[in-house]
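With mmCIF, C-alpha atoms and all ligand atoms inside, this is data_6.cif:
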```cif
data_query
#
loop_
_atom_site.label_atom_id
_atom_site.label_comp_id
_atom_site.auth_asym_id
_atom_site.auth_seq_id
_atom_site.Cartn_x
_atom_site.Cartn_y
_atom_site.Cartn_z
CA MET A 1 27.99 -2.83 -16.52
CA ASP A 2 24.73 -0.88 -16.15
CA ARG A 3 25.13 1.51 -13.26
CA THR A 4 21.80 3.26 -13.78
CA GLN A 5 19.25 0.44 -13.35
CA GLY A 6 18.04 -1.83 -10.58
CA PHE A 7 17.48 -1.62 -6.84
CA TYR A 8 19.46 -2.78 -3.85
CA ASP A 9 16.50 -4.18 -1.93
CA GLU A 10 12.79 -4.80 -2.42
CA HIS A 11 11.72 -2.12 0.08
CA GLU A 12 12.82 0.63 -2.31
CA THR A 13 9.81 0.03 -4.58
CA GLU A 14 7.19 -1.06 -2.04
CA SER A 15 3.75 0.56 -1.83
CA GLU A 16 2.98 3.33 0.62
CA ALA A 17 0.81 0.99 2.70
CA LEU A 18 3.49 -1.73 2.90
CA ARG A 19 6.14 0.83 3.82
CA ALA A 20 3.96 2.43 6.51
CA ASN A 21 3.27 -0.98 8.04
CA ARG A 22 6.92 -2.09 7.95
CA GLN A 23 8.08 1.20 9.46
CA TRP A 24 5.50 1.01 12.23
CA GLN A 25 6.58 -2.55 13.14
CA ALA A 26 10.21 -1.38 13.19
CA LEU A 27 9.37 1.66 15.35
CA ARG A 28 7.51 -0.57 17.81
CA ALA A 29 10.58 -2.81 18.11
CA VAL A 30 12.84 0.22 18.71
CA VAL A 31 10.47 1.73 21.31
CA SER A 32 10.09 -1.56 23.12
CA ARG A 33 13.86 -2.16 23.21
CA ALA A 34 14.63 1.43 24.23
CA ALA A 35 12.07 1.28 27.04
CA SER A 36 13.30 -2.11 28.26
CA PHE A 37 16.21 -0.70 30.26
CA ASN A 38 16.71 2.12 32.70
CA GLY A 39 18.25 4.73 30.40
CA GLU A 40 17.80 7.87 28.37
CA PHE A 41 14.53 6.94 26.64
CA ARG A 42 12.75 5.73 29.75
CA GLU A 43 13.71 8.92 31.58
CA ARG A 44 12.48 11.06 28.66
CA LEU A 45 9.15 9.23 28.64
CA GLY A 46 8.85 9.54 32.41
CA ALA A 47 9.46 13.30 32.28
CA ALA A 48 6.59 13.58 29.78
CA SER A 49 4.37 11.21 31.82
CA ILE A 50 4.17 8.74 28.91
CA VAL A 51 3.82 5.02 29.69
CA PRO A 52 5.64 2.89 27.04
CA ASP A 53 2.64 0.52 26.70
CA GLU A 54 0.47 3.46 25.71
CA ILE A 55 2.46 4.17 22.53
CA ARG A 56 0.03 2.34 20.26
CA SER A 57 -0.16 4.49 17.12
CA LEU A 58 2.03 6.72 15.00
CA GLU A 59 0.16 9.66 16.51
CA ASP A 60 1.28 8.48 19.98
CA PHE A 61 4.82 8.01 18.68
CA THR A 62 5.08 11.52 17.23
CA SER A 63 4.02 13.01 20.56
CA ILE A 64 7.13 11.61 22.28
CA PRO A 65 9.39 14.63 23.02
CA VAL A 66 12.39 14.75 20.66
CA LEU A 67 15.99 14.15 21.75
CA ARG A 68 18.01 17.16 20.61
CA LYS A 69 21.36 16.42 19.03
CA LYS A 70 22.94 19.25 21.01
CA ASP A 71 21.82 17.58 24.26
CA LEU A 72 23.33 14.25 23.25
CA SER A 73 26.91 15.29 23.97
CA ARG A 74 26.02 16.78 27.38
CA LEU A 75 23.90 13.79 28.41
CA GLN A 76 26.58 11.31 27.34
CA ARG A 77 29.05 13.12 29.57
CA GLU A 78 26.69 13.52 32.54
CA LYS A 79 25.21 10.03 32.48
CA GLY A 80 27.82 7.97 30.65
CA LEU A 81 27.47 6.26 27.29
CA SER A 82 26.02 3.09 28.85
CA TRP A 83 22.92 5.06 29.86
CA PHE A 84 22.07 5.09 26.14
CA LEU A 85 22.96 1.48 25.32
CA SER A 86 20.74 -1.58 25.37
CA CYS A 87 23.81 -3.85 25.38
CA ALA A 88 27.18 -3.90 27.15
CA PRO A 89 29.81 -1.66 25.47
CA GLY A 90 31.91 -4.75 24.75
CA GLU A 91 29.05 -6.26 22.76
CA LEU A 92 29.27 -3.45 20.20
CA SER A 93 31.36 -3.55 17.07
CA ARG A 94 33.08 -0.18 17.42
CA ILE A 95 32.80 3.11 19.31
CA TYR A 96 33.76 6.32 17.49
CA GLN A 97 34.12 9.85 18.78
CA SER A 98 32.93 12.73 16.64
CA PRO A 99 33.20 16.48 17.37
CA GLY A 100 31.12 17.61 20.33
CA PRO A 101 32.47 15.31 21.56
CA ILE A 102 29.76 12.73 20.92
CA TYR A 103 30.38 9.00 21.14
CA ASP A 104 28.94 7.04 18.22
CA PRO A 105 28.46 3.36 19.07
CA GLU A 106 28.25 0.90 16.17
CA GLY A 107 26.40 -2.41 16.58
CA ARG A 108 27.30 -5.73 15.02
CA ALA A 109 24.37 -6.05 12.59
CA PRO A 110 25.42 -6.19 8.90
CA ASP A 111 25.37 -2.82 7.09
CA TYR A 112 24.72 -1.23 10.50
CA TRP A 113 24.75 2.37 9.18
CA GLY A 114 22.59 1.50 6.18
CA TRP A 115 24.64 3.06 3.37
CA ALA A 116 24.63 0.08 0.97
CA GLN A 117 21.42 1.11 -0.84
CA ALA A 118 22.75 4.66 -1.19
CA PHE A 119 25.91 3.41 -2.90
CA TYR A 120 23.88 1.17 -5.20
CA ALA A 121 21.60 4.05 -6.19
CA ALA A 122 24.71 6.18 -6.88
CA GLY A 123 25.89 3.57 -9.40
CA PHE A 124 28.49 1.64 -7.38
CA ARG A 125 28.59 -2.02 -8.39
CA ALA A 126 30.45 -5.23 -7.47
CA GLY A 127 33.95 -5.10 -8.90
CA ASP A 128 34.52 -1.38 -8.38
CA LEU A 129 37.82 -0.30 -6.84
CA VAL A 130 36.98 2.60 -4.54
CA GLN A 131 39.27 5.27 -3.09
CA MET A 132 37.98 6.26 0.36
CA THR A 133 39.11 9.76 1.35
CA PHE A 134 37.11 10.19 4.56
CA SER A 135 38.98 9.80 7.83
CA TYR A 136 39.35 6.43 9.53
CA HIS A 137 40.61 7.99 12.72
CA LEU A 138 38.17 8.28 15.65
CA THR A 139 35.29 9.65 13.55
CA PRO A 140 33.04 7.08 11.86
CA ALA A 141 33.07 8.44 8.28
CA GLY A 142 35.76 6.19 6.74
CA LEU A 143 34.69 2.86 8.21
CA MET A 144 30.98 3.73 8.13
CA LEU A 145 31.19 4.14 4.37
CA GLU A 146 33.72 1.38 3.70
CA GLU A 147 31.72 -1.52 5.13
CA PRO A 148 28.70 -1.13 2.79
CA LEU A 149 31.08 -0.95 -0.19
CA ARG A 150 32.58 -4.27 0.73
CA ALA A 151 29.07 -5.67 1.26
CA LEU A 152 28.30 -4.60 -2.33
CA GLY A 153 31.35 -6.50 -3.57
CA CYS A 154 33.69 -3.54 -4.12
CA ALA A 155 37.36 -3.31 -3.11
CA VAL A 156 38.42 -0.28 -1.06
CA ILE A 157 41.65 1.71 -0.83
CA PRO A 158 41.64 3.25 2.68
CA ALA A 159 43.39 6.43 1.55
CA GLY A 160 41.96 8.74 4.22
CA PRO A 161 41.89 12.54 3.82
CA GLY A 162 44.62 14.87 2.56
CA ASN A 163 47.91 13.88 0.94
CA THR A 164 46.94 14.89 -2.60
CA ALA A 165 50.19 13.62 -4.19
CA VAL A 166 49.56 10.08 -2.94
CA GLN A 167 45.86 10.29 -3.83
CA LEU A 168 46.79 11.16 -7.43
CA GLN A 169 49.40 8.43 -7.55
CA LEU A 170 46.76 5.88 -6.49
CA MET A 171 44.38 7.05 -9.23
CA GLU A 172 47.16 6.98 -11.80
CA GLU A 173 48.70 3.62 -10.93
CA LEU A 174 45.63 1.62 -9.85
CA PRO A 175 42.40 1.05 -11.81
CA VAL A 176 40.33 3.18 -9.41
CA THR A 177 36.69 3.47 -10.56
CA GLY A 178 35.00 4.96 -7.49
CA PHE A 179 35.60 7.89 -5.15
CA VAL A 180 34.14 8.61 -1.71
CA GLY A 181 34.72 11.94 0.00
CA MET A 182 34.00 15.63 -0.40
CA THR A 183 33.32 17.13 -3.84
CA SER A 184 35.63 20.05 -3.08
CA PHE A 185 38.48 17.58 -2.45
CA LEU A 186 37.76 15.69 -5.68
CA LYS A 187 37.88 19.02 -7.52
CA THR A 188 41.25 19.82 -5.91
CA LEU A 189 42.57 16.44 -7.06
CA GLY A 190 41.37 17.12 -10.61
CA GLU A 191 43.03 20.54 -10.64
CA LYS A 192 46.33 19.15 -9.32
CA ALA A 193 46.22 16.47 -12.00
CA VAL A 194 45.78 19.11 -14.70
CA GLU A 195 48.76 21.06 -13.22
CA LYS A 196 50.80 17.87 -13.62
CA GLY A 197 49.86 17.73 -17.28
CA LEU A 198 47.29 14.94 -16.84
CA ASP A 199 43.76 14.82 -18.24
CA PRO A 200 41.52 13.47 -15.43
CA LYS A 201 39.04 12.17 -17.99
CA ARG A 202 41.57 10.30 -20.12
CA ASP A 203 44.23 9.33 -17.59
CA PHE A 204 41.95 8.20 -14.73
CA GLY A 205 39.23 5.55 -14.80
CA LEU A 206 36.83 7.19 -12.32
CA ARG A 207 33.15 6.47 -13.03
CA VAL A 208 31.20 7.07 -9.81
CA ALA A 209 31.50 9.18 -6.65
CA MET A 210 29.56 9.27 -3.40
CA VAL A 211 29.98 12.62 -1.73
CA ALA A 212 28.77 13.96 1.60
CA ALA A 213 29.56 16.33 4.47
CA GLU A 214 29.28 19.61 2.56
CA ARG A 215 26.77 21.50 0.45
CA LEU A 216 26.81 20.45 -3.21
CA PRO A 217 25.80 23.28 -5.58
CA GLU A 218 24.69 21.95 -9.00
CA SER A 219 27.36 24.09 -10.67
CA LEU A 220 30.10 22.32 -8.66
CA ARG A 221 28.59 18.89 -9.36
CA LYS A 222 28.54 19.60 -13.10
CA GLU A 223 32.06 21.03 -13.15
CA VAL A 224 33.60 18.02 -11.38
CA GLN A 225 31.49 15.46 -13.27
CA ASP A 226 32.67 16.97 -16.57
CA MET A 227 36.27 17.18 -15.37
CA PHE A 228 36.45 13.43 -14.68
CA GLY A 229 33.69 12.16 -16.99
CA MET A 230 31.91 10.57 -14.03
CA VAL A 231 28.65 10.56 -12.08
CA ILE A 232 28.53 12.24 -8.65
CA ARG A 233 25.73 11.50 -6.20
CA GLN A 234 25.36 12.65 -2.61
CA GLY A 235 24.16 11.05 0.56
CA TYR A 236 22.86 12.66 3.73
CA GLY A 237 23.39 11.20 7.16
CA THR A 238 24.88 11.89 10.55
CA ALA A 239 27.57 10.23 12.63
CA ASP A 240 24.95 9.25 15.22
CA VAL A 241 22.43 7.48 13.00
CA GLY A 242 24.16 6.78 9.66
CA CYS A 243 22.34 7.06 6.32
CA ILE A 244 19.16 9.16 6.29
CA ALA A 245 18.64 9.89 2.57
CA TYR A 246 20.42 9.55 -0.75
CA GLU A 247 20.22 10.62 -4.38
CA CYS A 248 19.31 8.35 -7.29
CA MET A 249 20.14 8.75 -10.99
CA ALA A 250 17.02 10.89 -11.52
CA LEU A 251 18.17 13.52 -8.95
CA GLY A 252 15.60 16.08 -7.73
CA GLY A 253 16.05 15.35 -4.03
CA MET A 254 17.24 12.50 -1.80
CA HIS A 255 15.12 9.38 -1.23
CA LEU A 256 14.57 8.59 2.43
CA ALA A 257 16.55 5.50 3.46
CA GLU A 258 14.50 2.41 4.31
CA ARG A 259 16.42 1.77 7.52
CA CYS A 260 15.03 4.68 9.53
CA PHE A 261 11.87 6.73 10.09
CA VAL A 262 12.13 10.39 9.14
CA GLU A 263 9.78 13.19 10.20
CA ILE A 264 9.82 16.90 9.35
CA CYS A 265 8.90 18.74 12.52
CA ASP A 266 8.25 22.16 13.96
CA PRO A 267 11.58 23.02 15.66
CA ALA A 268 9.74 24.52 18.65
CA THR A 269 7.24 21.77 19.42
CA GLY A 270 8.84 18.68 17.88
CA ARG A 271 5.51 17.77 16.24
CA PRO A 272 5.29 16.95 12.51
CA VAL A 273 4.49 19.87 10.20
CA PRO A 274 1.87 19.54 7.40
CA ALA A 275 3.06 17.59 4.31
CA GLY A 276 5.46 19.53 2.10
CA GLU A 277 6.28 22.26 4.64
CA MET A 278 9.75 23.09 5.83
CA GLY A 279 10.90 21.98 9.27
CA GLU A 280 13.54 20.13 11.26
CA VAL A 281 14.66 16.63 10.21
CA VAL A 282 13.85 14.22 13.06
CA VAL A 283 15.17 10.66 12.67
CA THR A 284 14.58 7.34 14.39
CA PRO A 285 16.99 4.68 13.06
CA PHE A 286 15.76 1.08 13.30
CA THR A 287 18.88 0.02 15.20
CA LEU A 288 18.52 -1.58 18.60
CA ASP A 289 21.88 -1.46 20.43
CA TYR A 290 21.92 2.33 20.65
CA PRO A 291 18.30 3.39 20.32
CA LEU A 292 17.89 7.06 19.38
CA VAL A 293 14.15 7.65 19.32
CA ARG A 294 13.18 10.87 17.52
CA LEU A 295 16.64 12.42 17.31
CA ALA A 296 16.26 16.07 16.23
CA THR A 297 19.19 16.71 13.89
CA GLY A 298 19.05 20.53 13.76
CA ASP A 299 18.95 20.33 9.93
CA LEU A 300 16.09 21.94 8.03
CA SER A 301 14.42 20.38 5.01
CA ARG A 302 11.06 19.52 3.47
CA LEU A 303 9.70 16.35 1.90
CA SER A 304 8.38 15.77 -1.61
CA GLU A 305 6.00 12.90 -2.33
CA ALA A 306 6.19 13.41 -6.12
CA PRO A 307 6.83 10.13 -7.99
CA CYS A 308 10.44 9.58 -9.13
CA ALA A 309 11.49 8.39 -12.59
CA CYS A 310 13.90 5.88 -11.02
CA GLY A 311 11.03 3.77 -9.67
CA ARG A 312 11.87 4.17 -5.98
CA THR A 313 8.74 5.01 -4.01
CA ALA A 314 10.24 6.60 -0.90
CA PRO A 315 9.59 10.35 -0.51
CA LYS A 316 12.51 12.68 -1.10
CA LEU A 317 14.21 15.18 1.19
CA MET A 318 14.54 18.39 -0.81
CA GLY A 319 18.11 19.16 0.26
CA ILE A 320 19.34 20.55 3.56
CA LEU A 321 17.94 24.06 3.59
CA GLY A 322 19.65 25.44 6.67
CA ARG A 323 20.11 24.88 10.38
CA VAL A 324 17.54 25.28 13.13
CA ASP A 325 19.99 27.55 14.99
CA ASP A 326 19.74 30.06 12.13
CA THR A 327 15.97 30.44 12.36
CA ALA A 328 13.81 32.60 14.55
CA LYS A 329 10.16 32.26 15.46
CA VAL A 330 8.36 35.56 14.95
CA ARG A 331 4.70 35.95 15.85
CA GLY A 332 4.32 32.18 15.88
CA GLN A 333 5.94 31.74 12.45
CA PHE A 334 9.44 30.44 11.68
CA ILE A 335 11.56 32.66 9.43
CA TYR A 336 13.99 30.54 7.41
CA PRO A 337 16.90 32.43 5.77
CA SER A 338 16.89 30.07 2.77
CA GLN A 339 13.25 30.93 2.01
CA VAL A 340 14.01 34.63 2.29
CA ALA A 341 16.97 34.24 -0.08
CA GLN A 342 14.69 32.48 -2.57
CA ALA A 343 12.18 35.33 -2.41
CA MET A 344 14.97 37.85 -3.08
CA HIS A 345 16.00 36.01 -6.29
CA GLY A 346 13.23 37.84 -8.16
CA PHE A 347 14.88 41.22 -7.53
CA PRO A 348 18.23 41.53 -9.33
CA GLN A 349 18.65 45.09 -7.97
CA ILE A 350 19.01 43.65 -4.44
CA LEU A 351 22.70 43.00 -3.83
CA ARG A 352 22.45 41.84 -0.20
CA HIS A 353 19.72 41.46 2.34
CA GLN A 354 19.40 40.85 6.06
CA VAL A 355 16.43 40.08 8.29
CA VAL A 356 16.41 41.78 11.68
CA VAL A 357 14.01 40.62 14.38
CA GLY A 358 13.46 42.88 17.38
CA ASN A 359 11.00 43.28 20.25
CA ALA A 360 11.26 46.90 21.36
CA GLY A 361 8.24 47.67 23.52
CA GLY A 362 7.57 43.96 24.01
CA LYS A 363 6.22 43.39 20.51
CA ASP A 364 7.98 41.35 17.80
CA SER A 365 9.17 43.43 14.85
CA LEU A 366 10.44 42.15 11.52
CA VAL A 367 12.65 44.31 9.32
CA LEU A 368 14.14 43.34 5.97
CA ARG A 369 17.22 45.46 5.24
CA ILE A 370 18.24 45.56 1.59
CA GLU A 371 21.29 46.92 -0.17
CA THR A 372 20.45 47.82 -3.78
CA ASN A 373 22.10 49.11 -6.93
CA GLY A 374 18.98 50.72 -8.37
CA PRO A 375 15.38 51.61 -7.63
CA VAL A 376 13.28 48.78 -6.22
CA ASP A 377 9.58 48.45 -5.46
CA THR A 378 9.67 47.86 -1.70
CA ALA A 379 5.99 46.87 -1.59
CA ALA A 380 6.70 44.11 -4.14
CA VAL A 381 9.71 42.98 -2.07
CA ALA A 382 7.57 42.84 1.08
CA ALA A 383 4.90 40.89 -0.81
CA ALA A 384 7.45 38.37 -2.16
CA PHE A 385 8.80 37.90 1.37
CA GLN A 386 5.28 37.38 2.69
CA ASP A 387 4.51 34.83 -0.03
CA THR A 388 7.24 32.47 1.19
CA ALA A 389 7.65 33.37 4.86
CA LYS A 390 3.97 34.14 5.67
CA LEU A 391 4.82 37.39 7.50
CA ARG A 392 5.06 40.89 6.06
CA PRO A 393 8.30 42.71 6.95
CA ALA A 394 9.03 46.42 7.06
CA VAL A 395 11.52 46.96 4.21
CA THR A 396 14.45 49.33 4.78
CA VAL A 397 16.56 50.32 1.78
CA LEU A 398 20.11 51.17 2.84
CA GLY A 399 21.26 54.65 1.94
CA LEU A 400 24.25 55.60 -0.18
CA GLY A 401 27.48 54.42 1.46
CA GLU A 402 25.67 52.05 3.80
CA THR A 403 26.39 48.37 3.33
CA ILE A 404 25.66 44.92 4.73
CA PRO A 405 29.19 43.54 5.23
CA GLU A 406 30.15 40.33 3.37
CA GLY A 407 29.60 37.31 5.61
CA SER A 408 26.98 39.01 7.80
CA PRO A 409 24.34 36.65 9.19
CA ALA A 410 21.21 36.42 7.01
CA LEU A 411 19.06 36.71 10.12
CA VAL A 412 19.77 38.70 13.26
CA ASP A 413 17.62 38.18 16.33
CA GLU A 414 17.95 41.25 18.58
CA ARG A 415 15.11 40.35 20.91
CA THR A 416 15.73 40.51 24.64
CA TYR A 417 13.65 38.91 27.35
CA GLU A 418 13.81 40.23 30.89
ZN ZN A 501 14.63 8.32 -7.63
#
```
If you convert what's in this file into C-alpha cells, what do you get?
Ligand SMILES: [Zn+2]
Amino acid sequence: MDRTQGFYDEHETESEALRANRQWQALRAVVSRAASFNGEFRERLGAASIVPDEIRSLEDFTSIPVLRKKDLSRLQREKGLSWFLSCAPGELSRIYQSPGPIYDPEGRAPDYWGWAQAFYAAGFRAGDLVQMTFSYHLTPAGLMLEEPLRALGCAVIPAGPGNTAVQLQLMEELPVTGFVGMTSFLKTLGEKAVEKGLDPKRDFGLRVAMVAAERLPESLRKEVQDMFGMVIRQGYGTADVGCIAYECMALGGMHLAERCFVEICDPATGRPVPAGEMGEVVVTPFTLDYPLVRLATGDLSRLSEAPCACGRTAPKLMGILGRVDDTAKVRGQFIYPSQVAQAMHGFPQILRHQVVVGNAGGKDSLVLRIETNGPVDTAAVAAAFQDTAKLRPAVTVLGLGETIPEGSPALVDERTYE
C-alpha cells in the first residue's frame, strides 16, 4: 500500500485560474443562499448598506464586513440558531454544542466538514482500522472526523478520549493502523506502553496519525513518529466550519482545503493583507445549510504560494502563529508576539522578553523589556525587532535581580482611553 502518492480529488492539482473560477462560483452560491432568507447575513449586509445583487466581484466580496467568531455565540443566543440557518433545524443531520457555547449545525451533504482529502493526504487509505480518540459527546470532533474516514473506506473504533488502559488494550488486541486525536495523548499512550514492557514500534501496527487541536512542535512530531514508527500529519479546522487546511507528505505548511475560501486579513479592518503577510484567518465554507460568510477565526497565519513537492497546487497556511486577542495595533501597525519571538532568536543572551505598549500623554509608546545573562547590543536588538515588526521599540535591559516571571504575557497593552 503506497500511502505517500496520489490525490483524493482532481481539485487538488488544478491550475490557479481554474481554482479561482471554481471558488468564485462557489462563493456566489453561498452569498445568494445566505441572502435568500431573513437572517444573520442579510442583517450584516444591511448594516453595511450592501445590496446582495451588487456583490459581483471578489473585490466586492472581500469588502463584506467579517463575522467575528466571538460574536457567533452571543448572536446565536440573542437571535436563536434558526436565524443563521437556510433550512429547518430538523432538515439538518446533527447539531453539536462546542464551548462558548456555540451550536454547530451539520448538514446532510456527504463529507460535510470536508476532512476526507486531509486524511488522504496524511496517508490514510481504504482498509485502515482507525482508533478515534476525540470526543463523540456534544462537540463535533469525533463524528466530524469519523465520517470522512468511513467515506475513504476505513473502519473506525469510536474509543473517545481518556481511558488509557483500554486504548492500549485496543492497540494491542486489534490490528489498529491509524490514530486520530492529540499528539500529546498519543505520546502518553506510547509512554504507558513502554512502562508495561511493550515496544510501541514492534507490538503495535500503527502507521498513520491525523492530529489536531493543539500546537505540534517538530520535536514532538519526531519523537512520537520515532516511538511508533509511524507518520503524523496535522489538520487545521474549527468546529464551526470543519476542515480549513491540512499537511501533505512534503510538510512545510498546510494546504488550503478545496471546500472553503480562505483569506488572510487585517484584524482591524477585515480586508485582505498583501500576499505573504501575516493576518487573521477568515474562512467562508462552501456549505449552504448554515452559511458563514467571512467568518473571522481569531487565528493568525500567513500564506505561502511556493510550489509543493507533493503536486498539490493550493497555497499553504504557514502554521497558526498566534491569536488576534494577543496582538496590539501600535501606530497603525500590528505587533505579533510570534514575530517578536522570532526576532529574539538571534540573541542567545536574551533569556526572556516582553513587549509593553503604553500611551502616556496620549501618544503610543513601545517598549521591549529584556532579561539577559550577558552584555547585549540593544541597538541591534531594536533593529532586529524593527526588521520583523516594522516599528522600532525602546529597549530596556532588566537590572540585576529583576525578572520577567515565567508565564508572563509576551505582550502587555497598558493603554487607556478616556
Ligand atoms: Zn504538498
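Neighbours of ligand ZN 501 (chain A) at a cut-off of 9 Å, computed so that only C-alpha atoms and all ligand atoms are counted, are the residues A:Ala121, A:Glu247, A:Cys248, A:Met249, A:Ala250, A:Leu251, A:Gly252, A:Gly253, A:Met254, A:His255, A:Pro307, A:Cys308, A:Ala309, A:Cys310, A:Gly311, A:Arg312, A:Thr313, A:Ala314, A:Pro315, A:Lys316.
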When distances are computed from all atoms listed in the file, which of A:Asp203, A:Asp104, A:Glu258, A:Glu214 shows the smallest separation from Glu10 (chain A)? A:Glu258
Using all atoms listed in the file, find all polymer residues with an atom at most 12 Å away from the point (41.3, 7.2, -16.9); report them as an mmCIF file with C-alpha atoms, in the frame of the given file.
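Okay, out-v5.cif is ready:
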```
data_model
loop_
_atom_site.group_PDB
_atom_site.id
_atom_site.type_symbol
_atom_site.label_atom_id
_atom_site.label_comp_id
_atom_site.auth_asym_id
_atom_site.auth_seq_id
_atom_site.Cartn_x
_atom_site.Cartn_y
_atom_site.Cartn_z
ATOM 1 C CA LEU A 168 46.790 11.160 -7.430
ATOM 2 C CA LEU A 170 46.760 5.880 -6.490
ATOM 3 C CA MET A 171 44.380 7.050 -9.230
ATOM 4 C CA GLU A 172 47.160 6.980 -11.800
ATOM 5 C CA GLU A 173 48.700 3.620 -10.930
ATOM 6 C CA LEU A 174 45.630 1.620 -9.850
ATOM 7 C CA PRO A 175 42.400 1.050 -11.810
ATOM 8 C CA VAL A 176 40.330 3.180 -9.410
ATOM 9 C CA THR A 177 36.690 3.470 -10.560
ATOM 10 C CA GLY A 178 35.000 4.960 -7.490
ATOM 11 C CA GLY A 190 41.370 17.120 -10.610
ATOM 12 C CA ALA A 193 46.220 16.470 -12.000
ATOM 13 C CA LEU A 198 47.290 14.940 -16.840
ATOM 14 C CA ASP A 199 43.760 14.820 -18.240
ATOM 15 C CA PRO A 200 41.520 13.470 -15.430
ATOM 16 C CA LYS A 201 39.040 12.170 -17.990
ATOM 17 C CA ARG A 202 41.570 10.300 -20.120
ATOM 18 C CA ASP A 203 44.230 9.330 -17.590
ATOM 19 C CA PHE A 204 41.950 8.200 -14.730
ATOM 20 C CA GLY A 205 39.230 5.550 -14.800
ATOM 21 C CA LEU A 206 36.830 7.190 -12.320
ATOM 22 C CA ARG A 207 33.150 6.470 -13.030
ATOM 23 C CA MET A 227 36.270 17.180 -15.370
ATOM 24 C CA PHE A 228 36.450 13.430 -14.680
ATOM 25 C CA GLY A 229 33.690 12.160 -16.990
ATOM 26 C CA MET A 230 31.910 10.570 -14.030
#
```
Please check which residues have atoms at most 12 Å from (5.9, 45.8, 27.8) in the file's coordinates, counting all atoms listed in the file, and write them as a ChimeraX atom specification. /A:359-364,416-418
Taking only C-alpha atoms into account, name the residue in A:Glu371, A:Asp266, A:Asp299, A:Glu54 that is nearest to Gln333 (chain A).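 Of all the options, A:Asp266 lies closest to Gln333 (chain A).
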Quick one: of A:Leu366, A:Ala29, A:Val357, A:Leu351, who's nearest to Asp289 (chain A), counting all atoms listed in the file?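 Closest to Asp289 (chain A), using all atoms listed in the file: A:Ala29.
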For CA of Arg271 (chain A) and CA of Val293 (chain A), determine how far apart the two atoms are, in Å to one decimal place.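 Spanning CA of Arg271 (chain A) to CA of Val293 (chain A) is a straight-line distance of 13.7 Å.
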If I take CA of Glu191 (chain A) and CA of Val224 (chain A), how far is one from the other in Å, to one decimal?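 The value is 9.8 Å.
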Do you have the CA of Glu12 (chain A)-CA of Tyr120 (chain A) distance handy?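 Value for the CA of Glu12 (chain A)-CA of Tyr120 (chain A) distance: 11.4 Å.
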Please list as a VMD selection string every residue within 9 Å of Leu321 (chain A), counting only C-alpha atoms and excluding residues in the same chain fewer than 4 positions away. chain A and resid 278 299 to 302 336 to 339
Kindly indicate which residue among A:Leu145, A:Ala126, A:Met344, A:Ile55 lies nearest to Thr372 (chain A), using all atoms listed in the file for the distances.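 Checking each of A:Leu145, A:Ala126, A:Met344, A:Ile55 against Thr372 (chain A), counting all atoms listed in the file, the winner is A:Met344.
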Using only C-alpha atoms, which residues sit within 12 Å of region 389-393 of chain A once same-chain residues fewer than 6 positions away are excluded, as a PyMOL selection string? chain A and resi 277-278+327-344+354-358+364-370+378-383
Do you know which residues are at most 12 Å from Pro52 (chain A) counting all atoms listed in the file, after dropping those on the same chain fewer than 5 positions away, and could you put them as a PyMOL selection string? chain A and resi 28-37+41-46+57+60-61+64
Would you mind telling me which residue in A:Val166, A:Leu186, A:Leu18, A:Met144 lies nearest to Val241 (chain A) when using only C-alpha atoms?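 The closest residue to Val241 (chain A) is A:Met144.
With distances taken over all atoms listed in the file, A:Gly399 is the one residue among A:Gly399, A:Gly114, A:Pro274, A:Pro291 lying closest to Pro375 (chain A).
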Since the input lacks atoms, please generate N, CA, C and O atoms for region 347-355 of chain A and provide them as a PDB file, keeping the file's coordinate frame.
```
ATOM      1  N   PHE A 347      14.538  39.793  -7.499  1.00  0.00           N
ATOM      2  CA  PHE A 347      14.880  41.220  -7.530  1.00  0.00           C
ATOM      3  C   PHE A 347      16.391  41.397  -7.759  1.00  0.00           C
ATOM      4  O   PHE A 347      17.163  41.499  -6.801  1.00  0.00           O
ATOM      5  N   PRO A 348      16.794  41.435  -9.032  1.00  0.00           N
ATOM      6  CA  PRO A 348      18.230  41.530  -9.330  1.00  0.00           C
ATOM      7  C   PRO A 348      18.882  42.804  -8.783  1.00  0.00           C
ATOM      8  O   PRO A 348      20.099  42.838  -8.602  1.00  0.00           O
ATOM      9  N   GLN A 349      18.064  43.843  -8.497  1.00  0.00           N
ATOM     10  CA  GLN A 349      18.650  45.090  -7.970  1.00  0.00           C
ATOM     11  C   GLN A 349      19.125  44.903  -6.515  1.00  0.00           C
ATOM     12  O   GLN A 349      19.891  45.714  -6.008  1.00  0.00           O
ATOM     13  N   ILE A 350      18.624  43.851  -5.843  1.00  0.00           N
ATOM     14  CA  ILE A 350      19.010  43.650  -4.440  1.00  0.00           C
ATOM     15  C   ILE A 350      20.346  42.907  -4.390  1.00  0.00           C
ATOM     16  O   ILE A 350      20.440  41.753  -4.812  1.00  0.00           O
ATOM     17  N   LEU A 351      21.367  43.597  -3.893  1.00  0.00           N
ATOM     18  CA  LEU A 351      22.700  43.000  -3.830  1.00  0.00           C
ATOM     19  C   LEU A 351      22.838  42.108  -2.597  1.00  0.00           C
ATOM     20  O   LEU A 351      23.368  41.009  -2.662  1.00  0.00           O
ATOM     21  N   ARG A 352      22.382  42.617  -1.450  1.00  0.00           N
ATOM     22  CA  ARG A 352      22.450  41.840  -0.200  1.00  0.00           C
ATOM     23  C   ARG A 352      21.207  42.143   0.610  1.00  0.00           C
ATOM     24  O   ARG A 352      20.597  43.202   0.466  1.00  0.00           O
ATOM     25  N   HIS A 353      20.873  41.213   1.471  1.00  0.00           N
ATOM     26  CA  HIS A 353      19.720  41.460   2.340  1.00  0.00           C
ATOM     27  C   HIS A 353      19.986  40.857   3.715  1.00  0.00           C
ATOM     28  O   HIS A 353      20.849  39.986   3.877  1.00  0.00           O
ATOM     29  N   GLN A 354      19.250  41.351   4.697  1.00  0.00           N
ATOM     30  CA  GLN A 354      19.400  40.850   6.060  1.00  0.00           C
ATOM     31  C   GLN A 354      18.072  41.036   6.791  1.00  0.00           C
ATOM     32  O   GLN A 354      17.435  42.082   6.669  1.00  0.00           O
ATOM     33  N   VAL A 355      17.662  39.996   7.521  1.00  0.00           N
ATOM     34  CA  VAL A 355      16.430  40.080   8.290  1.00  0.00           C
ATOM     35  C   VAL A 355      16.788  40.407   9.730  1.00  0.00           C
ATOM     36  O   VAL A 355      17.680  39.772  10.315  1.00  0.00           O
TER      37      VAL A 355
END
```
